[in-house]
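For reference, work_25.txt (compact mmCIF, C-alpha atoms):
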```txt
# COMPACT_ATOMS: atom_id res chain seq x y z
CA MET T 552 -46.93 63.22 -191.79
CA THR T 553 -43.51 61.66 -191.29
CA ASP T 554 -41.78 62.41 -188.02
CA LEU T 555 -38.84 64.59 -188.96
CA SER T 556 -37.42 64.96 -185.45
CA ARG T 557 -34.30 62.92 -186.23
CA TYR T 558 -33.30 65.64 -188.69
CA ARG T 559 -33.66 68.45 -186.15
CA ARG T 560 -29.98 69.43 -186.24
CA GLN T 561 -29.95 69.96 -189.97
CA MET T 562 -33.42 71.57 -190.01
CA LEU T 563 -32.07 74.15 -187.55
CA TYR T 564 -30.01 75.46 -190.45
CA PRO T 565 -32.41 78.05 -191.90
CA GLY T 566 -31.34 77.45 -195.50
CA LEU T 567 -32.94 74.01 -195.22
CA GLY T 568 -35.46 74.35 -192.41
CA GLU T 569 -38.45 72.09 -191.89
CA ALA T 570 -39.95 73.01 -195.26
CA GLY T 571 -36.74 71.98 -197.00
CA GLN T 572 -36.53 68.75 -195.03
CA GLU T 573 -40.05 67.86 -196.13
CA LYS T 574 -38.97 68.39 -199.75
CA LEU T 575 -36.00 66.04 -199.24
CA ALA T 576 -38.36 63.41 -197.83
CA LEU T 577 -40.50 63.55 -200.98
CA ALA T 578 -37.55 63.53 -203.40
CA ARG T 579 -36.41 60.74 -205.69
CA VAL T 580 -32.69 60.91 -206.46
CA GLY T 581 -30.53 58.72 -208.68
CA LEU T 582 -26.88 58.13 -207.94
CA ILE T 583 -24.88 56.93 -210.94
CA GLY T 584 -21.85 55.09 -209.60
CA CYS T 585 -21.30 53.82 -206.08
CA GLY T 586 -17.54 53.98 -205.81
CA ALA T 587 -15.60 56.64 -203.95
CA LEU T 588 -17.70 59.71 -204.72
CA GLY T 589 -20.83 57.59 -204.52
CA SER T 590 -19.95 56.43 -201.01
CA PHE T 591 -19.88 59.99 -199.71
CA VAL T 592 -22.90 61.22 -201.66
CA ALA T 593 -25.05 58.20 -200.77
CA ALA T 594 -24.18 58.32 -197.08
CA GLU T 595 -24.92 62.03 -196.78
CA LEU T 596 -28.18 61.93 -198.75
CA ALA T 597 -29.52 58.80 -197.03
CA ARG T 598 -28.61 60.03 -193.56
CA GLY T 599 -29.95 63.43 -194.53
CA GLY T 600 -33.39 62.03 -195.27
CA VAL T 601 -33.75 62.03 -199.06
CA GLY T 602 -36.87 59.90 -199.45
CA PHE T 603 -35.87 57.64 -202.34
CA LEU T 604 -32.37 56.87 -203.49
CA ARG T 605 -31.58 54.68 -206.51
CA LEU T 606 -28.00 53.41 -206.61
CA VAL T 607 -26.76 52.27 -210.02
CA ASP T 608 -23.40 50.48 -210.10
CA ARG T 609 -22.09 47.51 -212.09
CA ASP T 610 -19.09 46.74 -209.85
CA PHE T 611 -17.92 44.72 -206.86
CA PRO T 612 -15.81 46.16 -204.05
CA GLU T 613 -12.07 45.38 -204.07
CA LEU T 614 -9.47 45.72 -201.34
CA SER T 615 -7.78 48.54 -203.29
CA ASN T 616 -11.08 50.49 -203.15
CA LEU T 617 -11.40 50.57 -199.37
CA HIS T 618 -9.11 53.54 -198.68
CA ARG T 619 -11.62 55.83 -200.37
CA GLN T 620 -14.91 53.95 -200.82
CA ILE T 621 -16.03 54.40 -197.26
CA LEU T 622 -19.34 52.53 -197.49
CA TYR T 623 -17.60 49.16 -197.93
CA ASP T 624 -15.55 46.89 -195.70
CA GLU T 625 -13.37 43.80 -195.96
CA GLN T 626 -16.40 41.55 -195.46
CA ASP T 627 -18.04 43.01 -198.60
CA VAL T 628 -14.85 42.32 -200.55
CA SER T 629 -14.56 38.68 -199.45
CA ALA T 630 -18.30 38.03 -199.91
CA ARG T 631 -18.21 39.64 -203.38
CA THR T 632 -21.34 41.62 -202.60
CA PRO T 633 -22.11 44.04 -205.46
CA LYS T 634 -21.42 47.63 -204.47
CA ALA T 635 -25.01 48.77 -204.94
CA VAL T 636 -26.28 45.93 -202.73
CA ALA T 637 -23.64 46.41 -200.03
CA ALA T 638 -24.29 50.15 -200.06
CA ALA T 639 -28.04 49.62 -199.71
CA GLN T 640 -27.48 47.42 -196.63
CA LYS T 641 -25.31 50.05 -194.93
CA LEU T 642 -27.61 52.94 -195.82
CA ARG T 643 -30.74 51.14 -194.57
CA ALA T 644 -28.96 50.41 -191.29
CA ALA T 645 -28.15 54.12 -190.99
CA ASN T 646 -31.66 55.30 -191.86
CA HIS T 647 -34.51 52.81 -192.29
CA GLU T 648 -36.87 55.63 -193.30
CA VAL T 649 -35.33 56.16 -196.71
CA GLU T 650 -36.13 53.85 -199.58
CA ILE T 651 -33.00 52.51 -201.24
CA ASP T 652 -33.22 50.89 -204.67
CA PRO T 653 -29.95 49.12 -205.62
CA VAL T 654 -29.42 48.40 -209.33
CA VAL T 655 -26.46 46.20 -210.30
CA GLU T 656 -26.25 47.16 -213.96
CA ASP T 657 -24.33 49.23 -216.44
CA LEU T 658 -25.85 52.64 -217.10
CA ASN T 659 -25.57 53.47 -220.79
CA ALA T 660 -27.42 55.15 -223.63
CA PHE T 661 -29.98 52.36 -223.73
CA SER T 662 -30.52 51.70 -220.03
CA ILE T 663 -30.58 55.27 -218.69
CA GLU T 664 -34.26 55.81 -219.50
CA GLN T 665 -35.23 52.81 -217.40
CA PHE T 666 -33.17 53.97 -214.40
CA ALA T 667 -33.74 57.72 -214.54
CA ARG T 668 -37.19 58.48 -215.87
CA ASP T 669 -38.93 58.59 -212.46
CA LEU T 670 -36.31 60.70 -210.68
CA HIS T 671 -36.07 64.39 -209.74
CA VAL T 672 -32.29 64.79 -209.64
CA LEU T 673 -29.35 62.72 -210.94
CA VAL T 674 -25.93 62.66 -209.31
CA ASP T 675 -22.77 61.77 -211.18
CA ALA T 676 -20.42 59.57 -209.19
CA THR T 677 -19.14 57.63 -212.17
CA ASP T 678 -15.48 57.07 -213.00
CA ASN T 679 -15.54 57.81 -216.74
CA PHE T 680 -16.41 60.54 -219.22
CA ALA T 681 -18.42 58.33 -221.57
CA THR T 682 -21.16 57.84 -218.96
CA ARG T 683 -21.22 61.55 -218.11
CA PHE T 684 -22.00 62.46 -221.72
CA VAL T 685 -24.89 59.99 -221.66
CA ILE T 686 -26.17 61.47 -218.38
CA ASN T 687 -25.91 65.02 -219.74
CA ASP T 688 -27.76 64.23 -222.96
CA TYR T 689 -30.53 62.43 -221.11
CA ALA T 690 -30.87 65.04 -218.37
CA VAL T 691 -30.87 68.01 -220.76
CA LYS T 692 -33.34 66.27 -223.08
CA GLN T 693 -35.73 65.44 -220.23
CA GLY T 694 -35.15 68.62 -218.23
CA ILE T 695 -33.79 66.83 -215.17
CA PRO T 696 -31.18 68.70 -213.07
CA TRP T 697 -27.97 66.81 -212.41
CA VAL T 698 -24.78 67.31 -210.43
CA HIS T 699 -21.41 66.49 -211.95
CA GLY T 700 -18.42 65.59 -209.82
CA GLY T 701 -14.99 64.29 -210.80
CA VAL T 702 -11.77 63.69 -208.90
CA LEU T 703 -8.14 62.87 -209.71
CA GLY T 704 -5.10 63.00 -207.48
CA ALA T 705 -5.69 65.72 -204.88
CA SER T 706 -7.98 67.66 -207.24
CA GLY T 707 -11.66 67.68 -208.03
CA VAL T 708 -14.34 69.59 -209.91
CA SER T 709 -18.10 69.95 -209.65
CA LEU T 710 -20.73 71.52 -211.90
CA THR T 711 -24.47 71.69 -211.30
CA VAL T 712 -26.50 71.49 -214.49
CA VAL T 713 -30.06 72.83 -214.56
CA PRO T 714 -31.33 72.40 -218.12
CA GLY T 715 -32.38 75.71 -219.62
CA ASP T 716 -30.75 77.76 -216.86
CA GLY T 717 -27.01 78.10 -217.32
CA PRO T 718 -24.43 75.92 -219.02
CA CYS T 719 -24.61 72.15 -219.41
CA PHE T 720 -21.75 69.67 -219.24
CA ARG T 721 -21.16 69.91 -223.02
CA CYS T 722 -20.86 73.70 -222.81
CA LEU T 723 -17.80 72.96 -220.68
CA TYR T 724 -16.59 69.83 -222.47
CA PRO T 725 -17.79 69.83 -226.11
CA GLU T 726 -16.51 66.31 -226.82
CA PRO T 727 -15.38 63.42 -224.63
CA PRO T 728 -11.63 62.85 -224.40
CA ALA T 729 -10.43 60.02 -226.65
CA PRO T 730 -10.54 56.64 -224.93
CA GLY T 731 -7.07 55.77 -223.69
CA SER T 732 -6.02 59.43 -223.43
CA VAL T 733 -6.99 60.30 -219.86
CA GLU T 734 -5.48 59.62 -216.48
CA THR T 735 -7.72 57.72 -214.07
CA CYS T 736 -7.72 57.16 -210.32
CA ASP T 737 -6.33 53.68 -211.04
CA THR T 738 -3.38 54.96 -213.07
CA ALA T 739 -2.62 58.30 -211.40
CA GLY T 740 -4.06 57.81 -207.93
CA VAL T 741 -6.55 59.73 -205.84
CA LEU T 742 -6.70 61.10 -202.32
CA THR T 743 -9.73 60.29 -200.19
CA PRO T 744 -10.06 63.86 -198.82
CA ALA T 745 -10.39 65.17 -202.39
CA VAL T 746 -13.19 62.64 -202.93
CA GLY T 747 -14.84 63.60 -199.64
CA VAL T 748 -14.84 67.30 -200.49
CA ILE T 749 -16.34 66.81 -203.96
CA GLY T 750 -18.80 64.16 -202.75
CA SER T 751 -20.00 66.49 -199.99
CA ILE T 752 -20.32 69.37 -202.44
CA GLU T 753 -22.44 67.15 -204.67
CA ALA T 754 -24.66 66.13 -201.74
CA ALA T 755 -25.09 69.80 -200.80
CA GLU T 756 -26.00 70.67 -204.39
CA VAL T 757 -28.68 67.97 -204.38
CA MET T 758 -30.12 69.32 -201.12
CA LYS T 759 -30.18 72.83 -202.61
CA LEU T 760 -31.74 71.74 -205.89
CA LEU T 761 -34.53 70.10 -203.88
CA ALA T 762 -35.02 72.62 -201.10
CA ASP T 763 -33.71 75.98 -202.31
CA PRO T 764 -32.79 75.87 -206.03
CA GLY T 765 -31.76 79.54 -206.16
CA SER T 766 -28.79 78.78 -203.91
CA ARG T 767 -27.20 76.22 -206.18
CA ASN T 768 -23.64 76.59 -207.40
CA ARG T 769 -23.71 78.43 -210.71
CA GLY T 770 -20.10 77.96 -211.75
CA LEU T 771 -17.50 75.25 -212.06
CA LEU T 772 -16.03 74.55 -208.65
CA THR T 773 -12.37 73.57 -208.76
CA VAL T 774 -10.69 72.13 -205.67
CA ASP T 775 -7.25 70.88 -204.73
CA VAL T 776 -6.86 69.63 -201.16
CA TRP T 777 -3.04 69.50 -201.29
CA GLU T 778 -2.86 73.13 -202.44
CA THR T 779 -5.86 74.13 -200.27
CA HIS T 780 -7.33 75.64 -203.44
CA PHE T 781 -11.05 76.36 -203.80
CA GLU T 782 -12.21 78.45 -206.74
CA THR T 783 -15.46 78.73 -208.62
CA VAL T 784 -15.05 79.84 -212.21
CA GLN T 785 -17.84 81.22 -214.32
CA ILE T 786 -18.77 79.08 -217.32
CA GLU T 787 -20.71 80.55 -220.21
CA ARG T 788 -23.54 78.72 -221.88
CA ARG T 789 -22.53 78.01 -225.49
CA PRO T 790 -25.25 78.96 -227.98
CA ASP T 791 -23.91 76.32 -230.39
CA CYS T 792 -23.74 73.61 -227.70
CA PRO T 793 -24.95 70.40 -229.40
CA ALA T 794 -26.91 69.36 -226.29
CA CYS T 795 -28.50 72.43 -224.67
CA GLY T 796 -28.19 74.74 -227.71
CA ARG T 797 -29.10 72.63 -230.73
CA ARG T 798 -30.83 69.85 -228.75
CA GLU T 799 -28.97 67.10 -230.59
CA PHE T 800 -28.55 64.22 -228.18
CA SER T 801 -26.11 62.04 -230.05
CA PHE T 802 -24.88 60.21 -226.94
CA LEU T 803 -28.31 58.60 -226.61
CA GLU T 804 -28.15 57.25 -230.15
CA ALA T 805 -26.72 54.05 -231.54
CA GLY T 806 -23.18 54.49 -232.81
CA ARG T 807 -21.91 56.53 -229.83
CA GLU T 808 -21.85 53.61 -227.43
CA PHE T 809 -19.05 51.22 -226.51
CA LEU T 810 -19.48 47.74 -227.96
CA VAL T 811 -18.67 44.93 -225.56
CA ASP T 812 -18.62 41.39 -226.93
CA GLU T 813 -17.51 38.06 -225.62
CA ILE T 814 -15.27 36.48 -228.23
CA CYS T 815 -16.51 33.00 -229.09
CA GLY T 816 -14.07 30.22 -228.33
CA SER T 817 -11.81 32.41 -226.24
CA ASP T 818 -11.78 33.81 -222.72
CA ALA T 819 -11.44 37.34 -224.07
CA ILE T 820 -14.00 40.12 -224.03
CA GLN T 821 -13.60 42.70 -226.78
CA ILE T 822 -14.30 46.36 -226.13
CA VAL T 823 -14.65 48.71 -229.09
CA PRO T 824 -14.93 52.44 -228.36
CA PRO T 825 -17.29 54.52 -230.50
CA GLY T 826 -16.07 56.46 -233.52
CA ALA T 827 -12.65 56.37 -235.07
CA SER T 828 -10.20 57.17 -232.34
CA SER T 829 -6.46 57.01 -232.42
CA ILE T 830 -4.58 56.63 -229.18
CA SER T 831 -0.90 56.89 -228.39
CA LEU T 832 0.11 53.42 -227.22
CA SER T 833 3.45 54.69 -225.96
CA ALA T 834 1.79 57.37 -223.81
CA LEU T 835 -0.67 54.79 -222.48
CA ALA T 836 2.23 52.40 -221.75
CA GLU T 837 3.90 55.17 -219.76
CA ARG T 838 0.75 55.82 -217.74
CA LEU T 839 0.19 52.12 -217.04
CA ALA T 840 3.82 51.29 -216.21
CA PRO T 841 3.57 52.21 -212.50
CA VAL T 842 0.51 50.00 -211.95
CA ALA T 843 0.77 47.16 -214.48
CA ARG T 844 3.24 44.87 -216.22
CA VAL T 845 3.47 46.48 -219.64
CA ASN T 846 4.77 45.17 -222.96
CA LEU T 847 4.69 47.65 -225.87
CA ARG T 848 4.72 45.95 -229.28
CA ASP T 849 4.60 47.39 -232.79
CA LEU T 850 0.84 47.36 -233.25
CA TYR T 851 -0.50 46.79 -229.78
CA LEU T 852 0.17 47.09 -226.08
CA GLU T 853 -0.11 44.29 -223.55
CA ALA T 854 -0.72 45.13 -219.91
CA GLU T 855 -1.40 42.90 -216.93
CA THR T 856 -2.65 43.95 -213.51
CA GLU T 857 -4.82 42.46 -210.76
CA GLY T 858 -5.35 39.25 -212.75
CA ILE T 859 -6.59 41.16 -215.82
CA ARG T 860 -4.71 41.01 -219.14
CA PHE T 861 -5.32 43.74 -221.69
CA THR T 862 -4.33 43.78 -225.35
CA ILE T 863 -4.89 47.33 -226.56
CA PHE T 864 -4.75 48.48 -230.19
CA GLY T 865 -4.08 51.91 -231.65
CA ASP T 866 -7.76 52.55 -232.36
CA GLY T 867 -8.66 52.11 -228.68
CA ARG T 868 -10.02 48.60 -229.17
CA ALA T 869 -9.07 46.22 -226.38
CA LEU T 870 -9.22 42.53 -225.65
CA VAL T 871 -9.71 41.92 -221.94
CA ARG T 872 -8.85 38.52 -220.47
CA GLY T 873 -9.48 37.48 -216.87
CA ALA T 874 -12.71 39.44 -216.44
CA ASP T 875 -15.63 37.21 -215.51
CA SER T 876 -18.31 39.34 -217.16
CA ALA T 877 -18.81 41.99 -219.82
CA GLU T 878 -19.60 44.55 -217.08
CA ARG T 879 -16.34 43.79 -215.30
CA ALA T 880 -14.41 44.04 -218.58
CA ARG T 881 -15.92 47.45 -219.29
CA SER T 882 -15.26 48.56 -215.73
CA VAL T 883 -11.54 47.70 -215.86
CA TYR T 884 -11.30 49.32 -219.32
CA ASP T 885 -12.66 52.57 -217.87
CA ARG T 886 -10.39 52.36 -214.86
CA TYR T 887 -7.09 51.55 -216.56
CA ILE T 888 -7.36 52.65 -220.18
CA GLY T 889 -9.77 55.48 -219.44
CA SER T 890 -12.84 56.66 -221.31
CA MET C 947 4.55 88.29 -212.99
CA ILE C 948 1.99 85.70 -214.03
CA GLU C 949 1.11 83.02 -211.51
CA VAL C 950 0.57 79.55 -212.97
CA ARG C 951 -0.93 76.59 -211.09
CA LEU C 952 -1.00 73.05 -212.43
CA PHE C 953 -3.63 70.75 -210.93
CA ALA C 954 -4.25 67.00 -210.63
CA THR C 955 -1.73 65.11 -212.77
CA LEU C 956 -0.29 68.04 -214.75
CA ALA C 957 2.57 69.04 -212.45
CA PRO C 958 4.31 65.65 -212.36
CA ARG C 959 4.10 65.51 -216.17
CA SER C 960 5.47 69.01 -216.69
CA ARG C 961 9.04 70.09 -217.38
CA GLN C 962 9.58 71.80 -214.03
CA GLY C 963 7.39 69.39 -212.08
CA LYS C 964 6.05 72.26 -209.96
CA ARG C 965 2.44 72.72 -208.91
CA ARG C 966 2.87 76.48 -208.78
CA PHE C 967 5.33 78.83 -210.50
CA GLU C 968 5.63 82.28 -212.01
CA VAL C 969 6.15 83.31 -215.62
CA GLU C 970 7.64 86.58 -216.84
CA PRO C 971 5.02 88.53 -218.82
CA ALA C 972 5.82 89.06 -222.52
CA PRO C 973 3.94 90.72 -225.37
CA GLY C 974 1.55 88.25 -227.01
CA LEU C 975 2.24 85.48 -224.49
CA THR C 976 -0.68 83.03 -224.39
CA VAL C 977 -1.77 80.15 -222.18
CA ARG C 978 -0.78 77.85 -225.04
CA ASP C 979 2.80 79.17 -224.92
CA VAL C 980 3.02 78.43 -221.19
CA VAL C 981 1.65 74.93 -221.78
CA HIS C 982 4.24 74.28 -224.52
CA ARG C 983 7.05 75.68 -222.41
CA GLU C 984 6.16 73.18 -219.69
CA GLY C 985 6.34 70.29 -222.16
CA LEU C 986 2.60 69.64 -221.94
CA ALA C 987 0.32 69.06 -224.92
CA PRO C 988 -2.71 71.36 -225.32
CA ALA C 989 -4.80 68.17 -225.51
CA ASP C 990 -3.72 67.39 -221.93
CA ILE C 991 -5.50 70.52 -220.70
CA GLN C 992 -9.24 70.46 -220.30
CA ILE C 993 -9.96 73.50 -218.16
CA VAL C 994 -8.17 76.86 -218.35
CA MET C 995 -8.93 79.31 -215.56
CA ARG C 996 -7.78 82.90 -215.81
CA ASN C 997 -8.44 85.28 -212.93
CA GLY C 998 -11.46 83.29 -211.80
CA SER C 999 -13.03 82.87 -215.23
CA HIS C 1000 -13.07 80.11 -217.77
CA ALA C 1001 -10.61 81.09 -220.51
CA LYS C 1002 -9.33 79.83 -223.84
CA MET C 1003 -5.97 78.34 -224.68
CA ASP C 1004 -5.19 81.35 -226.89
CA SER C 1005 -6.02 83.95 -224.23
CA GLU C 1006 -3.23 86.53 -224.06
CA LEU C 1007 -1.71 86.91 -220.64
CA GLU C 1008 -0.97 90.12 -218.78
CA ASP C 1009 1.16 91.00 -215.83
CA GLY C 1010 -0.61 90.04 -212.61
CA ASP C 1011 -2.73 87.31 -214.18
CA ARG C 1012 -3.41 84.10 -212.26
CA ILE C 1013 -3.96 81.04 -214.38
CA GLY C 1014 -4.90 77.52 -213.34
CA LEU C 1015 -4.88 74.48 -215.61
CA PHE C 1016 -6.75 71.21 -215.13
CA PRO C 1017 -6.47 67.98 -217.12
CA PRO C 1018 -9.65 65.92 -217.63
CA VAL C 1019 -10.70 65.11 -214.04
CA GLY C 1020 -12.91 62.09 -214.52
CA GLY C 1021 -12.38 59.77 -211.56
CA GLY C 1022 -15.08 59.00 -209.10
```
Spell out the structure here as structure tokens.
Amino acid sequence: MTDLSRYRRQMLYPGLGEAGQEKLALARVGLIGCGALGSFVAAELARGGVGFLRLVDRDFPELSNLHRQILYDEQDVSARTPKAVAAAQKLRAANHEVEIDPVVEDLNAFSIEQFARDLHVLVDATDNFATRFVINDYAVKQGIPWVHGGVLGASGVSLTVVPGDGPCFRCLYPEPPAPGSVETCDTAGVLTPAVGVIGSIEAAEVMKLLADPGSRNRGLLTVDVWETHFETVQIERRPDCPACGRREFSFLEAGREFLVDEICGSDAIQIVPPGASSISLSALAERLAPVARVNLRDLYLEAETEGIRFTIFGDGRALVRGADSAERARSVYDRYIGS
Amino acid sequence: MIEVRLFATLAPRSRQGKRRFEVEPAPGLTVRDVVHREGLAPADIQIVMRNGSHAKMDSELEDGDRIGLFPPVGGG
């Protein structure tokens, strides 16, 4: 039997107790995204004694991340250590008893099975909607509980999805927003305390799902730290929900994924969003103007920021120059154009 | 009066630019009307809360209602 004495202070809380702590120690949890939310969730779950933690993230830390991505430091930025690897180092130093499995890859419709099939709970700490629809389809299909969290500005939301018991993510959001139509933390900003609140809520939901599932949050939590607003709203399960109602998991199928291709003979990487979308280039130009050099042309929009040059077309397709890999190109697409 | 709260990025994009304001009740007034009046597009709104419950854009509003509107909140 593992010695649980280091967790005495949290085991004293009767909701968890020693029995709950033992369940955490046996649990295998997957964290999708190791940015801002992921920093808080990972730190709290690893320190809290979750036995196995898989960290999936395709990115590298940047200086502009450090105000909110509290697992990383300037050394990680200059050494270009992948976030998942840097996070694993910090978490092992905080608690050598937990097993940390860093994965530096893109989680998508094709890779999720490989990363999630041996896990008990999934946690959403990603920065885009496209990945959340993949997570929801996979989790509902396989019957794996997952915790959604999202932040923007001073606001945040969280929803705990237990397949077959209450609404799923698609009951709340039937379809993903069109690529290029949403504000992101990189275009509209984000406050670290909002991230901390939602990340901590997500960590608490994971602990409850493992130790005391009846206590989980059953609504959509909405938070705004500038307004000191906390409200949980009831969400109904939709009988016609494509995922949990009709069990059609289209986000796991070919045709709903983003295509990312290096263009031969050029330094550009092309990103093509799924389906026929139509985005407002002028609205996107307005959103990008505070953070990028923007040039709106008749048929396309050029934007340049942090050494990355985008050419974005009205169907959401983008050419990305200055990104050293397909993963990086997709990452900056999600962060600046939004998906 | 009807209390309206705009979260995340909605207030700075709205006509008044306020995070919280009141609207005079009127027969048949819906959430959609309030959204239009503030110069926002219905597509900008992803979550409508009315008195603590998830509501629809065409929900009719009554005196004393509290509504809260969220855009897609997808950062992490």
_To one decimal place in Å, what is the distance between CA of Ala638 (chain T) and CA of Ile621 (chain T)?_
9.7 Å
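Residues within 8 Å of Val950 (chain C), counting only C-alpha atoms and excluding same-chain residues fewer than 5 positions away, are C:Arg966, C:Phe967, C:Glu968, C:Val969, C:Arg1012, C:Ile1013, C:Gly1014, C:Leu1015.
Minimum distance to chain C across T:Gly602, T:Pro841, T:Pro653, T:Gly889 (counting only C-alpha atoms) occurs at T:Gly889.
Using only C-alpha atoms, the chain T residues found within 6 Å of chain C amount to Ala587, Leu588, Ala676, Thr677, Asp678, Asn679, Gly701, Val702, Leu703, Gly704, Ser706, Thr735, Cys736, Val784, Gln785 and Ile786 of chain T.
All residues of protein, DNA or RNA that reach within 6 Å of region 806-819 of chain T, judged by only C-alpha atoms and not counting those fewer than 3 positions away in the chain, are Phe802, Ile822, Val823, Pro824, Pro825, Leu870, Val871 and Arg872 of chain T.
In this model, the gap between CA of Ala754 (chain T) and CA of Lys641 (chain T) comes to 17.5 Å.
A straight line drawn from CA of Ala594 (chain T) to CA of Arg560 (chain T) is 16.6 Å long.
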*Between C:Leu952, C:Gly985, C:Asp1011, C:Met947, single out the one closest to Thr773 (chain T), counting only C-alpha atoms.*
C:Leu952
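Nearest-residue note for Gly600 (chain T): choosing from T:Gly694, T:Met758, T:Glu853, T:Arg619, the minimum distance belongs to T:Met758, counting only C-alpha atoms.
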